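For reference, model.tsv is printed below; it contains TSV, N, CA and C atoms.
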chain	number	residue	atom	x	y	z
A	173	MET	N	0.84	-1.18	0.00
A	173	MET	CA	0.00	0.00	0.00
A	173	MET	C	0.89	1.24	0.00
A	174	ALA	N	0.57	2.20	-0.82
A	174	ALA	CA	1.37	3.41	-0.92
A	174	ALA	C	1.05	4.36	0.22
A	175	ALA	N	2.10	4.98	0.74
A	175	ALA	CA	1.93	5.92	1.85
A	175	ALA	C	1.49	7.28	1.35
A	176	GLY	N	1.92	7.67	0.16
A	176	GLY	CA	1.56	8.97	-0.39
A	176	GLY	C	2.62	10.01	-0.09
A	177	ALA	N	2.61	11.06	-0.90
A	177	ALA	CA	3.63	12.10	-0.82
A	177	ALA	C	3.66	12.82	0.52
A	178	SER	N	2.55	12.86	1.23
A	178	SER	CA	2.52	13.56	2.52
A	178	SER	C	3.33	12.82	3.59
A	179	SER	N	3.71	11.58	3.33
A	179	SER	CA	4.46	10.78	4.29
A	179	SER	C	5.94	10.67	3.94
A	180	ARG	N	6.41	11.49	3.03
A	180	ARG	CA	7.81	11.40	2.62
A	180	ARG	C	8.73	12.04	3.65
A	181	LEU	N	10.02	11.85	3.45
A	181	LEU	CA	11.03	12.40	4.36
A	181	LEU	C	10.99	13.92	4.37
A	182	PRO	N	11.14	14.54	5.54
A	182	PRO	CA	11.04	16.00	5.65
A	182	PRO	C	11.94	16.78	4.71
A	183	ARG	N	13.16	16.41	4.52
A	183	ARG	CA	14.06	17.15	3.63
A	183	ARG	C	13.96	16.71	2.18
A	184	PHE	N	13.15	15.69	1.93
A	184	PHE	CA	13.01	15.15	0.58
A	184	PHE	C	11.53	14.99	0.22
A	185	GLU	N	10.71	15.97	0.58
A	185	GLU	CA	9.26	15.86	0.36
A	185	GLU	C	8.88	15.66	-1.10
A	186	LYS	N	9.69	16.22	-2.00
A	186	LYS	CA	9.37	16.17	-3.43
A	186	LYS	C	9.99	14.97	-4.12
A	187	ASN	N	10.69	14.13	-3.36
A	187	ASN	CA	11.36	12.99	-3.94
A	187	ASN	C	10.71	11.69	-3.52
A	188	ARG	N	10.30	10.93	-4.50
A	188	ARG	CA	9.72	9.61	-4.22
A	188	ARG	C	10.83	8.60	-3.96
A	189	PHE	N	11.91	8.68	-4.74
A	189	PHE	CA	13.00	7.71	-4.63
A	189	PHE	C	14.20	8.35	-3.97
A	190	VAL	N	14.66	7.75	-2.87
A	190	VAL	CA	15.80	8.25	-2.10
A	190	VAL	C	16.73	7.08	-1.87
A	191	GLY	N	18.01	7.30	-2.14
A	191	GLY	CA	18.99	6.23	-2.02
A	191	GLY	C	19.94	6.42	-0.85
A	192	ALA	N	20.42	5.30	-0.34
A	192	ALA	CA	21.45	5.29	0.69
A	192	ALA	C	22.76	4.93	0.00
A	193	ARG	N	23.72	5.84	0.01
A	193	ARG	CA	24.97	5.63	-0.72
A	193	ARG	C	25.86	4.54	-0.11
A	194	ASP	N	25.72	4.28	1.17
A	194	ASP	CA	26.60	3.26	1.77
A	194	ASP	C	26.25	1.85	1.30
A	195	THR	N	24.99	1.61	0.99
A	195	THR	CA	24.56	0.28	0.52
A	195	THR	C	24.14	0.28	-0.94
A	196	MET	N	24.01	1.48	-1.53
A	196	MET	CA	23.54	1.64	-2.91
A	196	MET	C	22.15	1.02	-3.10
A	197	ILE	N	21.30	1.22	-2.08
A	197	ILE	CA	19.91	0.78	-2.12
A	197	ILE	C	19.03	2.01	-2.27
A	198	VAL	N	18.06	1.94	-3.17
A	198	VAL	CA	17.11	3.03	-3.35
A	198	VAL	C	15.77	2.60	-2.74
A	199	TYR	N	15.16	3.51	-2.01
A	199	TYR	CA	13.88	3.26	-1.33
A	199	TYR	C	12.78	4.07	-1.98
A	200	ASP	N	11.62	3.46	-2.15
A	200	ASP	CA	10.43	4.13	-2.67
A	200	ASP	C	9.68	4.70	-1.47
A	201	CYS	N	9.72	6.01	-1.31
A	201	CYS	CA	9.12	6.65	-0.13
A	201	CYS	C	7.60	6.66	-0.16
A	202	ASP	N	7.00	6.25	-1.27
A	202	ASP	CA	5.55	6.11	-1.32
A	202	ASP	C	5.11	4.72	-0.89
A	203	ASP	N	6.06	3.85	-0.60
A	203	ASP	CA	5.78	2.51	-0.08
A	203	ASP	C	6.03	2.55	1.43
A	204	ALA	N	5.01	2.33	2.21
A	204	ALA	CA	5.09	2.48	3.67
A	204	ALA	C	6.19	1.62	4.30
A	205	HIS	N	6.35	0.39	3.82
A	205	HIS	CA	7.35	-0.51	4.38
A	205	HIS	C	8.78	-0.04	4.05
A	206	GLN	N	8.98	0.38	2.82
A	206	GLN	CA	10.31	0.87	2.43
A	206	GLN	C	10.63	2.17	3.15
A	207	LEU	N	9.65	3.05	3.29
A	207	LEU	CA	9.87	4.31	4.00
A	207	LEU	C	10.24	4.04	5.46
A	208	ALA	N	9.57	3.10	6.09
A	208	ALA	CA	9.89	2.77	7.49
A	208	ALA	C	11.31	2.23	7.61
A	209	ARG	N	11.74	1.41	6.66
A	209	ARG	CA	13.11	0.89	6.67
A	209	ARG	C	14.11	2.02	6.51
A	210	LEU	N	13.83	2.95	5.60
A	210	LEU	CA	14.73	4.08	5.39
A	210	LEU	C	14.78	4.99	6.61
A	211	GLU	N	13.64	5.26	7.21
A	211	GLU	CA	13.61	6.11	8.40
A	211	GLU	C	14.41	5.47	9.54
A	212	ALA	N	14.31	4.17	9.68
A	212	ALA	CA	15.09	3.47	10.71
A	212	ALA	C	16.59	3.61	10.43
A	213	ARG	N	16.96	3.48	9.18
A	213	ARG	CA	18.38	3.63	8.81
A	213	ARG	C	18.85	5.06	9.06
A	214	LEU	N	18.01	6.04	8.77
A	214	LEU	CA	18.39	7.44	9.00
A	214	LEU	C	18.70	7.66	10.47
A	215	GLU	N	17.86	7.10	11.33
A	215	GLU	CA	18.04	7.27	12.77
A	215	GLU	C	19.21	6.43	13.31
A	216	ASP	N	19.22	5.15	12.96
A	216	ASP	CA	20.22	4.23	13.51
A	216	ASP	C	21.63	4.46	12.97
A	217	ASP	N	21.72	4.78	11.69
A	217	ASP	CA	23.03	4.88	11.04
A	217	ASP	C	23.48	6.32	10.77
A	218	GLY	N	22.64	7.31	11.10
A	218	GLY	CA	23.02	8.71	10.91
A	218	GLY	C	23.35	9.06	9.47
A	219	LEU	N	22.56	8.56	8.54
A	219	LEU	CA	22.86	8.75	7.12
A	219	LEU	C	22.87	10.22	6.70
A	220	LEU	N	21.96	11.02	7.23
A	220	LEU	CA	21.93	12.43	6.85
A	220	LEU	C	23.18	13.16	7.32
A	221	GLY	N	23.56	12.97	8.54
A	221	GLY	CA	24.73	13.63	9.09
A	221	GLY	C	26.02	13.21	8.39
A	222	ARG	N	26.03	12.02	7.85
A	222	ARG	CA	27.21	11.50	7.15
A	222	ARG	C	27.13	11.74	5.65
A	223	ASN	N	26.09	12.48	5.22
A	223	ASN	CA	25.89	12.83	3.81
A	223	ASN	C	25.82	11.58	2.91
A	224	LEU	N	25.06	10.61	3.36
A	224	LEU	CA	24.95	9.36	2.62
A	224	LEU	C	23.56	9.13	2.02
A	225	ILE	N	22.79	10.21	1.86
A	225	ILE	CA	21.46	10.13	1.25
A	225	ILE	C	21.51	10.83	-0.10
A	226	GLN	N	20.85	10.24	-1.08
A	226	GLN	CA	20.84	10.83	-2.42
A	226	GLN	C	19.45	10.78	-3.01
A	227	SER	N	19.07	11.88	-3.65
A	227	SER	CA	17.84	11.89	-4.43
A	227	SER	C	18.25	11.88	-5.91
A	228	PHE	N	17.29	11.74	-6.77
A	228	PHE	CA	17.57	11.56	-8.19
A	228	PHE	C	16.75	12.53	-9.03
A	229	GLY	N	17.32	13.00	-10.10
A	229	GLY	CA	16.62	13.84	-11.04
A	229	GLY	C	16.88	13.33	-12.45
A	230	PRO	N	15.87	12.87	-13.13
A	230	PRO	CA	14.48	12.85	-12.70
A	230	PRO	C	14.24	11.82	-11.59
A	231	ASP	N	13.19	12.04	-10.85
A	231	ASP	CA	12.86	11.24	-9.68
A	231	ASP	C	12.17	9.94	-10.12
A	232	THR	N	12.99	9.04	-10.66
A	232	THR	CA	12.47	7.76	-11.15
A	232	THR	C	13.36	6.62	-10.68
A	233	LEU	N	12.77	5.45	-10.60
A	233	LEU	CA	13.53	4.25	-10.26
A	233	LEU	C	14.55	3.95	-11.36
A	234	ALA	N	14.18	4.21	-12.60
A	234	ALA	CA	15.11	3.98	-13.71
A	234	ALA	C	16.36	4.84	-13.56
A	235	GLU	N	16.22	6.09	-13.14
A	235	GLU	CA	17.38	6.96	-12.94
A	235	GLU	C	18.24	6.46	-11.78
A	236	ALA	N	17.62	6.00	-10.72
A	236	ALA	CA	18.37	5.45	-9.60
A	236	ALA	C	19.17	4.23	-10.05
A	237	ARG	N	18.55	3.36	-10.82
A	237	ARG	CA	19.26	2.19	-11.34
A	237	ARG	C	20.39	2.60	-12.29
A	238	ASN	N	20.15	3.65	-13.07
A	238	ASN	CA	21.17	4.17	-13.98
A	238	ASN	C	22.42	4.62	-13.21
A	239	ARG	N	22.23	5.03	-11.97
A	239	ARG	CA	23.34	5.49	-11.13
A	239	ARG	C	23.92	4.38	-10.24
A	240	GLY	N	23.49	3.15	-10.49
A	240	GLY	CA	24.07	2.01	-9.81
A	240	GLY	C	23.34	1.55	-8.54
A	241	PHE	N	22.18	2.13	-8.26
A	241	PHE	CA	21.42	1.75	-7.06
A	241	PHE	C	20.52	0.56	-7.37
A	242	ARG	N	20.29	-0.27	-6.36
A	242	ARG	CA	19.37	-1.41	-6.46
A	242	ARG	C	18.12	-1.07	-5.67
A	243	SER	N	17.01	-1.60	-6.09
A	243	SER	CA	15.74	-1.36	-5.43
A	243	SER	C	15.68	-2.10	-4.09
A	244	ALA	N	15.10	-1.45	-3.09
A	244	ALA	CA	14.93	-2.08	-1.78
A	244	ALA	C	14.01	-3.30	-1.87
A	245	THR	N	13.16	-3.37	-2.86
A	245	THR	CA	12.27	-4.52	-3.00
A	245	THR	C	13.03	-5.76	-3.48
A	246	ALA	N	14.20	-5.57	-4.05
A	246	ALA	CA	14.98	-6.70	-4.55
A	246	ALA	C	15.69	-7.42	-3.42
A	247	ARG	N	15.66	-6.87	-2.20
A	247	ARG	CA	16.36	-7.47	-1.07
A	247	ARG	C	15.47	-8.39	-0.29

Using structure tokens, write down the structure from this file.
Amino acid sequence: MAAGASSRLPRFEKNRFVGARDTMIVYDCDDAHQLARLEARLEDDGLLGRNLIQSFGPDTLAEARNRGFRSATAR
């Protein structure tokens, strides 16, 4: 079930796909389960403070894959 744009990350409200550079995993922030996993990583691993979060332009899964990221659903 999709969470919707209103449930996205505060600093990335306009981005559906957000990647973690340390694992090269991209999360779909409109998917409630993937968003929860990403939020846990942000808190537990300090990804924002370590500058390990990336958004994509255009904001598509294809662009994330083009940059070497794998989908969180593939795990």

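For the set A:Leu219, A:Asn238, A:Leu233, A:Thr245, the residue with the smallest atom-to-atom gap to Phe189 (chain A) is A:Leu233, counting all atoms listed in the file.
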
Gap from CA of Arg180 (chain A) to CA of Leu207 (chain A) - Å, one decimal: 7.5 Å

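The coordinates place atom N of Glu215 (chain A) at 15.1 Å from atom N of Cys201 (chain A).
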
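For region 184-245 of chain A, the set of residues given alpha helix (DSSP H) by DSSP on the backbone reads Ala204, His205, Gln206, Leu207, Ala208, Arg209, Leu210, Glu211, Ala212, Arg213, Leu214, Glu215, Asp216, Asp217, Leu233, Ala234, Glu235, Ala236, Arg237 and Asn238 of chain A.
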
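Atom pair CA of Arg209 (chain A) / CA of Ala244 (chain A) has a distance of 9.1 Å (rounded to one decimal).
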
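Remark: for Thr195 (chain A), the closest of the candidate residues A:Ala212, A:Arg237, A:Gly229, A:Leu224 is A:Leu224 (distances computed over only N, CA and C atoms).
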
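Minimum atom-to-atom distance to Pro182 (chain A), evaluated using only C-alpha atoms, belongs to A:Glu211 out of A:Glu211, A:Arg239, A:Gly218, A:Pro230.
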
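Distance annotation: of A:Asn187, A:Leu181, A:Arg193, A:Ala204, the residue with the minimal separation from Asn223 (chain A) is A:Arg193; atom set is only N, CA and C atoms.
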
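The list of residues with at least one atom within 6 Å of Arg242 (chain A), based on all atoms listed in the file and without residues fewer than 6 positions apart in the same chain, reads Met196, Ile197, Val198 and Ala236 of chain A.
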
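The set of residues in chain A assigned to strand (DSSP E) by DSSP, using only backbone atoms of this structure, is Phe189, Val190, Gly191, Ala192, Ile197, Val198, Tyr199, Asp200, Ile225, Gln226, Ser227, Arg242 and Ser243 of chain A.
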
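Among the candidates A:Asp203, A:Ser227, A:Ala234, A:Gly240, the one nearest to Glu185 (chain A) when counting only C-alpha atoms is A:Ser227.
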